[in-house]
Amino acid sequence: MFNVISNEILAENLHKMVVAAPRIARARKPGQFVMVRLAEGEERIPLTISDADPAAGTITLFIQAIGSSTRKIVATEAGGSIRDVAGPLGKGTRITNWGRVVCVGGGVGTAVLFPLVKALKEAGNQITTIIGGRSSCLIILADELTPLSDTFIIATEDGSLGTKGFVTGPLADLLADPERVPQAVFAVGPVPMMRAVADMTRPLGIETIVSLNPIMIDGTGMCGGCRVQVGSETKFACVDGPEFDAHQVDFDGLIDRLTSYRTEEAVSLKHTAAECKIGRGMTQ
Amino acid sequence: MSNTLSAKERLAIERVAMPELAAGVRSGNFEEVNRGLSADQALAEAHRCLQCSNRPCVAGCPVGVSIPEFLNALASGDLPRSAQILRGDNALPAVCGRVCPQETQCEALCVRGIKGEAVAIGYLERYVADWAMNHPDELLHEQMPTATGKSVVVVGSGPAGLTAAGELARRGHAVTVFEALHATGGVLRYGIPEFRLPKQIIDREVALLNRLGVVIECNVIIGKTLSIAELRRQFDAIFIANGAGLPVMLNIPGENLKGVYAANEFLTRVNLMEAGRSDDSPTPIIKRREVAVIGGGNTAIDCVRTARRLGAERAMIVYRRGEAEMPARTEEIKHAREEGVEFVMLTAPTAILGTKDGWVSGLSCQKMELGSPDASGRRRPEAIKGSDFELPAGVVIDAVGTGANPLLTASAPDLSLNKSGNILISSAGETSIPGVFAGGDIVRGGATVILAMGDGKRVAAAIDDYLNGK
């Protein structure tokens, strides 16, 4: 049993949960994740560890409740508990001082991006963070990322917040500017977004790292469900990743495998759409 | 029946048949196929044992169960004594009685098998183990040794780990077991389906180990949550038994299509996560009318019988050799056939075929013929030219084997490995790091439950010697 120390609502359906997991808090490196199973009979899902406090023995999870499993997890109040939390899994992010770094986050991927931004900032990088979503109600962690970023940009497809359009717009501006062109780009979000970023940086030879979130069951390299083609090799995202060289990832294959359980995904998407409307209604 | 029958009278008794759930019923559910012997059946079968003085059956058992002795106690009607003998030699008898390949081990060496049929040792082991589980109050009290003050950590709660844990606890050591998954049992739980080994059996075997003082903690991944170096600081000895949890793919085109599973993923979804077991299972599984399972071992048979139970009308084993060469147990093959599984033999897949939108549509195959024997002694399959054909399938399961999971070994560079990533050990089971021992599939590669248990038992004795400074 892993006790929930606090559960704070940061935005519509975005929760910040602090969970007691002393061993994981001690061992964890930025970029790693945990496998979480709320209760007996529930699904095992991977969640990025957003932060950790080894002294307090806690880890922090930013969880966007978009599917039935995440909804049940965020419904656990402080004082309650999560049955299973296993990790830290995956390889940590390669953190170095590149100089100028652009961090791009799309939708729920922004929660995965957060610990990378924090670690890159601590390593002395000059950071431009660009986060985006379809609409303002899907923009998350802006308040948390702003103080960590030298430049902070929001893009929404409907123009309801920040620049109108995709995150690739502001990125293109940076890439075209010799004064601001980054030495490395980190991108986490929907696969088409990560592919678009990779396509933009590839011709310029800018090192680009993406964090993938394919379907996982055990998270320990046992089942092979998370396999993804990287260059000429089949990699397991859970043990070889989750971060990979964006210029080598077969994004088409990844997109395709992510639709393996599309019936379930369609249900999740319907929920997201409904939540967005509720969110607007409440803020009006 | 008294236990004073003459040899002639014993020889006259026919081998018992295991009562089974009817094939038509069981192919639609996950209930255990073998129902277990009745008291009368077990008593009669125990009398078939001739109590030979040279005990060949014991030599065939990887954990050296005192077979004639537990059968003799059973034949005398002394079940508590029989259970005590059995449990003293075997930490998981209810598991072994169900999944051990007795026909190639103890029963293969049974004198009665020379002219006729061997004593059904496996069925009787299960009978006595199940009786013990159901009659805890009648069991003879185990004399617990005084605590040695020494601590041992076991990595993995599969057959090797649980066996070693039991053996070490019985020697008075404080034993902690770390399990990476959220539930105990390792391959017994995620790999072997419930129609062969109900989860309740694992739970009850684990509960008996808890009673011996063994502490099991789940969700601890050695190599990630804790390192071997940390364990060395906290415990006097380490036994690594983390299994062969790495899927081996065939490396043929199409393996990333939707609907292609490694056996580990397919079985883990259904067994551990209960996917497809009810309409509202949170973990999904792809169900199709035609399912092709590639491979000929017990894992392949487990997959195909599971697929059948999930509703596949055509559940097929695709194997490049013939039925006689299949490594799977004869009983499993028989059960699968009764349940309507198709055996597509002497067939090697060359590619997995897909639809335009990335779903599996079938297998491209080649017919094979058997040539001269290879290193394994089995006749080598050779492709027949121009024999290519297509087999329609909506789900394809790769069940050709498993390898060594590198999660732990990658985090402990001092641990010597072979080329396949398996841990190298001395004859006593010690690794290249003093005080760190290993056994089971992480040493052997994919083998059987009982061989892993044999390792657990043997290495536990070596660890005991090590702790006693021998």
# chains A, B, ... in the order shown; residues from 1 in each chain; ligands from 1
$ select_by_dssp --residues "segment 62-257 of chain A" --states "helix (DSSP H, G or I)" --output "number ranges by chain"
A: 68-74, 109-122, 136-138, 142-148, 168-176, 191-201, 237-240, 251-257
$ residues_around --residues "Glu290 of chain B" --least-positions-apart "2" --cutoff "6 Å" --atoms "only C-alpha atoms" --output "PyMOL selection string"
chain B and resi 288+312+314-315+393-394
$ write_last_selection --atoms "C-alpha atoms" --output "PDB file, in the first residue's frame"
ATOM      1  CA  ARG B 288     -10.307 -12.858 -33.030  1.00  0.00           C
ATOM      2  CA  ALA B 312     -11.390 -18.304 -30.993  1.00  0.00           C
ATOM      3  CA  ARG B 314      -9.971 -21.681 -34.971  1.00  0.00           C
ATOM      4  CA  ALA B 315      -7.178 -21.815 -32.411  1.00  0.00           C
ATOM      5  CA  ALA B 393      -5.339 -15.402 -38.548  1.00  0.00           C
ATOM      6  CA  GLY B 394      -6.477 -12.245 -36.776  1.00  0.00           C
TER       7      GLY B 394
END
$ select_by_dssp --residues "segment 22-210 of chain A" --states "strand (DSSP E)" --output "number ranges by chain"
A: 33-37, 45-48, 51-53, 58-64, 81-82, 84-89, 100-106, 126-133, 151-156, 163-164, 184-188, 207-210
$ closest_residue --among "B:Gly435, B:Gly259, B:Gly156, B:Gly354" --to "Asn219 of chain B" --atoms "only C-alpha atoms"
B:Gly156
$ interface_residues --of "chain A" --to "chain B" --cutoff "6 Å" --atoms "only C-alpha atoms" --output "list in words"
Ile24, Glu42, Glu43, Ala86, Gly87, Pro88, Met222, Cys223, Arg257 and Ser260 of chain A
$ residues_around --residues "segment 295-311 of chain B" --least-positions-apart "4" --cutoff "6 Å" --atoms "only C-alpha atoms" --output "number ranges by chain"
B: 27-29, 315, 319, 326-328, 399-400
$ write_last_selection --atoms "N, CA, C and O atoms" --output "PDB file, in the first residue's frame"
ATOM      1  N   SER B  27     -13.693 -25.741 -22.600  1.00  0.00           N
ATOM      2  CA  SER B  27     -13.108 -24.877 -23.619  1.00  0.00           C
ATOM      3  C   SER B  27     -13.780 -23.507 -23.623  1.00  0.00           C
ATOM      4  O   SER B  27     -13.355 -22.605 -24.332  1.00  0.00           O
ATOM      5  N   GLY B  28     -14.835 -23.356 -22.820  1.00  0.00           N
ATOM      6  CA  GLY B  28     -15.488 -22.056 -22.730  1.00  0.00           C
ATOM      7  C   GLY B  28     -15.273 -21.374 -21.388  1.00  0.00           C
ATOM      8  O   GLY B  28     -15.829 -20.311 -21.146  1.00  0.00           O
ATOM      9  N   ASN B  29     -14.488 -21.967 -20.505  1.00  0.00           N
ATOM     10  CA  ASN B  29     -14.233 -21.302 -19.229  1.00  0.00           C
ATOM     11  C   ASN B  29     -12.786 -21.539 -18.777  1.00  0.00           C
ATOM     12  O   ASN B  29     -12.019 -22.217 -19.452  1.00  0.00           O
ATOM     13  N   ALA B 315      -8.374 -22.085 -33.213  1.00  0.00           N
ATOM     14  CA  ALA B 315      -7.178 -21.815 -32.411  1.00  0.00           C
ATOM     15  C   ALA B 315      -6.128 -22.822 -32.854  1.00  0.00           C
ATOM     16  O   ALA B 315      -6.350 -24.025 -32.771  1.00  0.00           O
ATOM     17  N   TYR B 319       3.731 -25.197 -35.826  1.00  0.00           N
ATOM     18  CA  TYR B 319       5.017 -25.688 -35.320  1.00  0.00           C
ATOM     19  C   TYR B 319       5.829 -26.264 -36.468  1.00  0.00           C
ATOM     20  O   TYR B 319       5.287 -26.951 -37.334  1.00  0.00           O
ATOM     21  N   MET B 326       7.270 -32.130 -30.386  1.00  0.00           N
ATOM     22  CA  MET B 326       6.831 -30.992 -29.572  1.00  0.00           C
ATOM     23  C   MET B 326       7.342 -31.133 -28.140  1.00  0.00           C
ATOM     24  O   MET B 326       7.179 -32.180 -27.521  1.00  0.00           O
ATOM     25  N   PRO B 327       7.931 -30.066 -27.601  1.00  0.00           N
ATOM     26  CA  PRO B 327       8.403 -30.155 -26.211  1.00  0.00           C
ATOM     27  C   PRO B 327       7.264 -30.123 -25.188  1.00  0.00           C
ATOM     28  O   PRO B 327       7.489 -30.425 -24.021  1.00  0.00           O
ATOM     29  N   ALA B 328       6.071 -29.772 -25.590  1.00  0.00           N
ATOM     30  CA  ALA B 328       4.947 -29.685 -24.644  1.00  0.00           C
ATOM     31  C   ALA B 328       4.626 -31.047 -24.050  1.00  0.00           C
ATOM     32  O   ALA B 328       4.886 -32.086 -24.658  1.00  0.00           O
ATOM     33  N   ALA B 399       5.310 -17.745 -29.478  1.00  0.00           N
ATOM     34  CA  ALA B 399       5.602 -18.513 -28.259  1.00  0.00           C
ATOM     35  C   ALA B 399       6.809 -19.403 -28.519  1.00  0.00           C
ATOM     36  O   ALA B 399       6.783 -20.602 -28.272  1.00  0.00           O
ATOM     37  N   VAL B 400       7.871 -18.804 -29.037  1.00  0.00           N
ATOM     38  CA  VAL B 400       9.051 -19.590 -29.385  1.00  0.00           C
ATOM     39  C   VAL B 400      10.107 -19.593 -28.294  1.00  0.00           C
ATOM     40  O   VAL B 400      11.122 -20.256 -28.420  1.00  0.00           O
TER      41      VAL B 400
END
$ residues_around --residues "segment 102-109 of chain B" --least-positions-apart "5" --cutoff "9 Å" --atoms "only C-alpha atoms" --output "list in words"
Pro56, Cys57, Val58, Ala59, Gly60, Cys61, Pro62, Ile67, Cys96, Gly97, Ile114, Glu117, Ala118, Val119, Ala120, Ile121, Gly122, Arg329 and Thr330 of chain B
$ closest_residue --among "A:Pro182, A:Pro192, A:Ile82, A:Gln64" --to "Val36 of chain A" --atoms "only C-alpha atoms"
A:Ile82
$ residues_around --residues "Val104 of chain A" --least-positions-apart "2" --cutoff "8 Å" --atoms "only C-alpha atoms" --output "number ranges by chain"
A: 102, 106, 110, 113, 129-131, 167, 185-189
$ write_last_selection --atoms "N, CA, C and O atoms" --output "PDB file, in the first residue's frame"
ATOM      1  N   VAL A 102      15.158  23.732 -26.281  1.00  0.00           N
ATOM      2  CA  VAL A 102      13.725  23.982 -26.400  1.00  0.00           C
ATOM      3  C   VAL A 102      12.986  22.741 -25.915  1.00  0.00           C
ATOM      4  O   VAL A 102      13.309  21.619 -26.323  1.00  0.00           O
ATOM      5  N   GLY A 106       2.939  18.777 -25.574  1.00  0.00           N
ATOM      6  CA  GLY A 106       1.591  18.818 -26.152  1.00  0.00           C
ATOM      7  C   GLY A 106       0.623  18.065 -25.270  1.00  0.00           C
ATOM      8  O   GLY A 106       0.883  16.917 -24.899  1.00  0.00           O
ATOM      9  N   THR A 110       2.748  17.315 -21.530  1.00  0.00           N
ATOM     10  CA  THR A 110       3.355  18.383 -20.738  1.00  0.00           C
ATOM     11  C   THR A 110       3.704  17.891 -19.331  1.00  0.00           C
ATOM     12  O   THR A 110       4.706  18.306 -18.751  1.00  0.00           O
ATOM     13  N   LEU A 113       6.872  16.219 -19.595  1.00  0.00           N
ATOM     14  CA  LEU A 113       7.925  17.186 -19.891  1.00  0.00           C
ATOM     15  C   LEU A 113       8.428  17.882 -18.625  1.00  0.00           C
ATOM     16  O   LEU A 113       9.617  18.225 -18.517  1.00  0.00           O
ATOM     17  N   THR A 129      10.351  27.001 -23.243  1.00  0.00           N
ATOM     18  CA  THR A 129       9.322  25.970 -23.158  1.00  0.00           C
ATOM     19  C   THR A 129       8.135  26.388 -24.018  1.00  0.00           C
ATOM     20  O   THR A 129       7.675  27.532 -23.929  1.00  0.00           O
ATOM     21  N   ILE A 130       7.686  25.458 -24.849  1.00  0.00           N
ATOM     22  CA  ILE A 130       6.496  25.716 -25.671  1.00  0.00           C
ATOM     23  C   ILE A 130       5.488  24.628 -25.339  1.00  0.00           C
ATOM     24  O   ILE A 130       5.783  23.435 -25.511  1.00  0.00           O
ATOM     25  N   ILE A 131       4.340  25.017 -24.822  1.00  0.00           N
ATOM     26  CA  ILE A 131       3.328  23.992 -24.587  1.00  0.00           C
ATOM     27  C   ILE A 131       2.063  24.334 -25.358  1.00  0.00           C
ATOM     28  O   ILE A 131       1.759  25.500 -25.616  1.00  0.00           O
ATOM     29  N   VAL A 167       2.162  23.965 -31.703  1.00  0.00           N
ATOM     30  CA  VAL A 167       3.445  24.274 -31.044  1.00  0.00           C
ATOM     31  C   VAL A 167       4.575  24.405 -32.060  1.00  0.00           C
ATOM     32  O   VAL A 167       5.605  25.033 -31.785  1.00  0.00           O
ATOM     33  N   VAL A 185      16.524  19.697 -28.565  1.00  0.00           N
ATOM     34  CA  VAL A 185      15.073  19.854 -28.432  1.00  0.00           C
ATOM     35  C   VAL A 185      14.519  18.608 -27.741  1.00  0.00           C
ATOM     36  O   VAL A 185      14.885  17.478 -28.090  1.00  0.00           O
ATOM     37  N   PHE A 186      13.675  18.827 -26.753  1.00  0.00           N
ATOM     38  CA  PHE A 186      12.938  17.733 -26.106  1.00  0.00           C
ATOM     39  C   PHE A 186      11.470  17.900 -26.462  1.00  0.00           C
ATOM     40  O   PHE A 186      10.940  19.011 -26.354  1.00  0.00           O
ATOM     41  N   ALA A 187      10.825  16.832 -26.903  1.00  0.00           N
ATOM     42  CA  ALA A 187       9.419  16.944 -27.278  1.00  0.00           C
ATOM     43  C   ALA A 187       8.633  15.781 -26.687  1.00  0.00           C
ATOM     44  O   ALA A 187       9.027  14.620 -26.821  1.00  0.00           O
ATOM     45  N   VAL A 188       7.554  16.106 -26.003  1.00  0.00           N
ATOM     46  CA  VAL A 188       6.686  15.069 -25.444  1.00  0.00           C
ATOM     47  C   VAL A 188       5.239  15.460 -25.706  1.00  0.00           C
ATOM     48  O   VAL A 188       4.806  16.560 -25.345  1.00  0.00           O
ATOM     49  N   GLY A 189       4.494  14.568 -26.327  1.00  0.00           N
ATOM     50  CA  GLY A 189       3.089  14.865 -26.599  1.00  0.00           C
ATOM     51  C   GLY A 189       2.506  13.855 -27.549  1.00  0.00           C
ATOM     52  O   GLY A 189       3.041  12.737 -27.682  1.00  0.00           O
TER      53      GLY A 189
END
$ residues_around --residues "Leu148 of chain A" --least-positions-apart "4" --cutoff "12 Å" --atoms "only C-alpha atoms" --output "ChimeraX atom specification"
/A:103,113-129,141-144,152
$ closest_residue --among "A:Phe166, A:Val112, A:Ala172, A:Pro190" --to "Pro242 of chain A" --atoms "only C-alpha atoms"
A:Val112
$ residues_around --residues "Ala7 of chain B" --least-positions-apart "5" --cutoff "9 Å" --atoms "only C-alpha atoms" --output "compact mmCIF listing (two decimals) with all heavy atoms, in the first residue's frame"
# COMPACT_ATOMS: atom_id res chain seq x y z
N ALA B 12 -2.12 -56.03 -9.67
CA ALA B 12 -3.44 -56.24 -10.30
C ALA B 12 -4.26 -54.96 -10.39
O ALA B 12 -5.24 -54.88 -11.12
CB ALA B 12 -4.21 -57.30 -9.51
N ARG B 48 -0.66 -49.16 -5.64
CA ARG B 48 0.02 -49.68 -6.84
C ARG B 48 1.54 -49.60 -6.68
O ARG B 48 2.27 -50.26 -7.39
CB ARG B 48 -0.42 -48.92 -8.08
CG ARG B 48 -1.88 -49.15 -8.46
CD ARG B 48 -2.23 -48.49 -9.78
NE ARG B 48 -1.55 -49.13 -10.89
CZ ARG B 48 -0.79 -48.51 -11.78
NH1 ARG B 48 -0.62 -47.21 -11.69
NH2 ARG B 48 -0.20 -49.16 -12.76
N CYS B 49 2.00 -48.75 -5.78
CA CYS B 49 3.45 -48.59 -5.58
C CYS B 49 4.00 -49.88 -4.96
O CYS B 49 3.47 -50.38 -3.97
CB CYS B 49 3.74 -47.40 -4.67
SG CYS B 49 5.49 -47.26 -4.24
N LEU B 50 5.07 -50.41 -5.55
CA LEU B 50 5.64 -51.67 -5.07
C LEU B 50 6.64 -51.46 -3.94
O LEU B 50 7.19 -52.41 -3.42
CB LEU B 50 6.32 -52.40 -6.25
CG LEU B 50 5.39 -52.75 -7.42
CD1 LEU B 50 6.20 -53.38 -8.56
CD2 LEU B 50 4.28 -53.70 -6.97
$ closest_residue --among "B:Asp388, B:Gly161, B:Gly377, B:Val396" --to "Val318 of chain B" --atoms "only C-alpha atoms"
B:Val396
$ atom_distance --atom1 "atom CA of Val436 of chain B" --atom2 "atom CA of Met35 of chain A"
27.8 Å
$ closest_atom_pairs --of "segment 357-464 of chain B" --to "segment 331-351 of chain B" --cutoff "7 Å" --atoms "only C-alpha atoms" --output "JSON lines"
{"residue": "B:Leu363", "atom": "CA", "partner": "B:Ala351", "partner_atom": "CA", "distance": 6.0}
{"residue": "B:Ser364", "atom": "CA", "partner": "B:Ala351", "partner_atom": "CA", "distance": 5.1}
{"residue": "B:Cys365", "atom": "CA", "partner": "B:Pro349", "partner_atom": "CA", "distance": 4.2}
{"residue": "B:Gln366", "atom": "CA", "partner": "B:Ala348", "partner_atom": "CA", "distance": 5.3}
{"residue": "B:Lys367", "atom": "CA", "partner": "B:Thr347", "partner_atom": "CA", "distance": 4.7}
{"residue": "B:Met368", "atom": "CA", "partner": "B:Leu346", "partner_atom": "CA", "distance": 4.8}
{"residue": "B:Glu369", "atom": "CA", "partner": "B:Leu346", "partner_atom": "CA", "distance": 6.3}
$ write_last_selection --atoms "all heavy atoms" --output "compact mmCIF listing (two decimals), in the first residue's frame"
# COMPACT_ATOMS: atom_id res chain seq x y z
N LEU B 363 -0.68 -15.62 -41.64
CA LEU B 363 0.73 -16.00 -41.65
C LEU B 363 1.09 -16.51 -43.03
O LEU B 363 0.32 -17.25 -43.65
CB LEU B 363 0.97 -17.15 -40.67
CG LEU B 363 1.06 -16.87 -39.17
CD1 LEU B 363 1.21 -18.18 -38.43
CD2 LEU B 363 2.22 -15.94 -38.87
N SER B 364 2.25 -16.10 -43.49
CA SER B 364 2.80 -16.70 -44.68
C SER B 364 3.69 -17.85 -44.19
O SER B 364 4.55 -17.65 -43.34
CB SER B 364 3.61 -15.65 -45.44
OG SER B 364 4.18 -16.24 -46.56
N CYS B 365 3.43 -19.07 -44.71
CA CYS B 365 4.10 -20.25 -44.15
C CYS B 365 4.79 -21.07 -45.24
O CYS B 365 4.49 -20.95 -46.42
CB CYS B 365 3.09 -21.16 -43.46
SG CYS B 365 2.22 -20.38 -42.11
N GLN B 366 5.68 -21.93 -44.76
CA GLN B 366 6.36 -22.90 -45.60
C GLN B 366 6.17 -24.27 -44.97
O GLN B 366 6.28 -24.41 -43.76
CB GLN B 366 7.86 -22.60 -45.57
CG GLN B 366 8.38 -22.00 -46.82
CD GLN B 366 9.89 -21.74 -46.71
OE1 GLN B 366 10.48 -21.75 -45.63
NE2 GLN B 366 10.51 -21.50 -47.84
N LYS B 367 5.91 -25.28 -45.79
CA LYS B 367 5.85 -26.64 -45.25
C LYS B 367 7.29 -27.13 -45.02
O LYS B 367 8.20 -26.76 -45.76
CB LYS B 367 5.14 -27.59 -46.23
CG LYS B 367 3.65 -27.36 -46.38
CD LYS B 367 2.88 -27.42 -45.08
CE LYS B 367 2.57 -28.82 -44.59
NZ LYS B 367 1.75 -28.73 -43.32
N MET B 368 7.45 -27.94 -44.01
CA MET B 368 8.78 -28.44 -43.66
C MET B 368 8.78 -29.96 -43.70
O MET B 368 7.74 -30.61 -43.61
CB MET B 368 9.15 -28.01 -42.23
CG MET B 368 8.95 -26.55 -41.90
SD MET B 368 10.01 -25.45 -42.85
CE MET B 368 11.51 -25.53 -41.90
N GLU B 369 9.99 -30.52 -43.83
CA GLU B 369 10.15 -31.96 -43.61
C GLU B 369 11.33 -32.16 -42.68
O GLU B 369 12.17 -31.29 -42.54
CB GLU B 369 10.35 -32.69 -44.94
CG GLU B 369 11.55 -32.21 -45.72
CD GLU B 369 11.59 -32.79 -47.14
OE1 GLU B 369 10.77 -33.67 -47.44
OE2 GLU B 369 12.44 -32.36 -47.92
$ closest_residue --among "B:Ala94, B:Leu197, B:Val65, B:Leu168" --to "Asp465 of chain B" --atoms "only C-alpha atoms"
B:Leu168
$ atom_distance --atom1 "atom CA of Ala83 of chain B" --atom2 "atom CA of Val95 of chain B"
14.1 Å
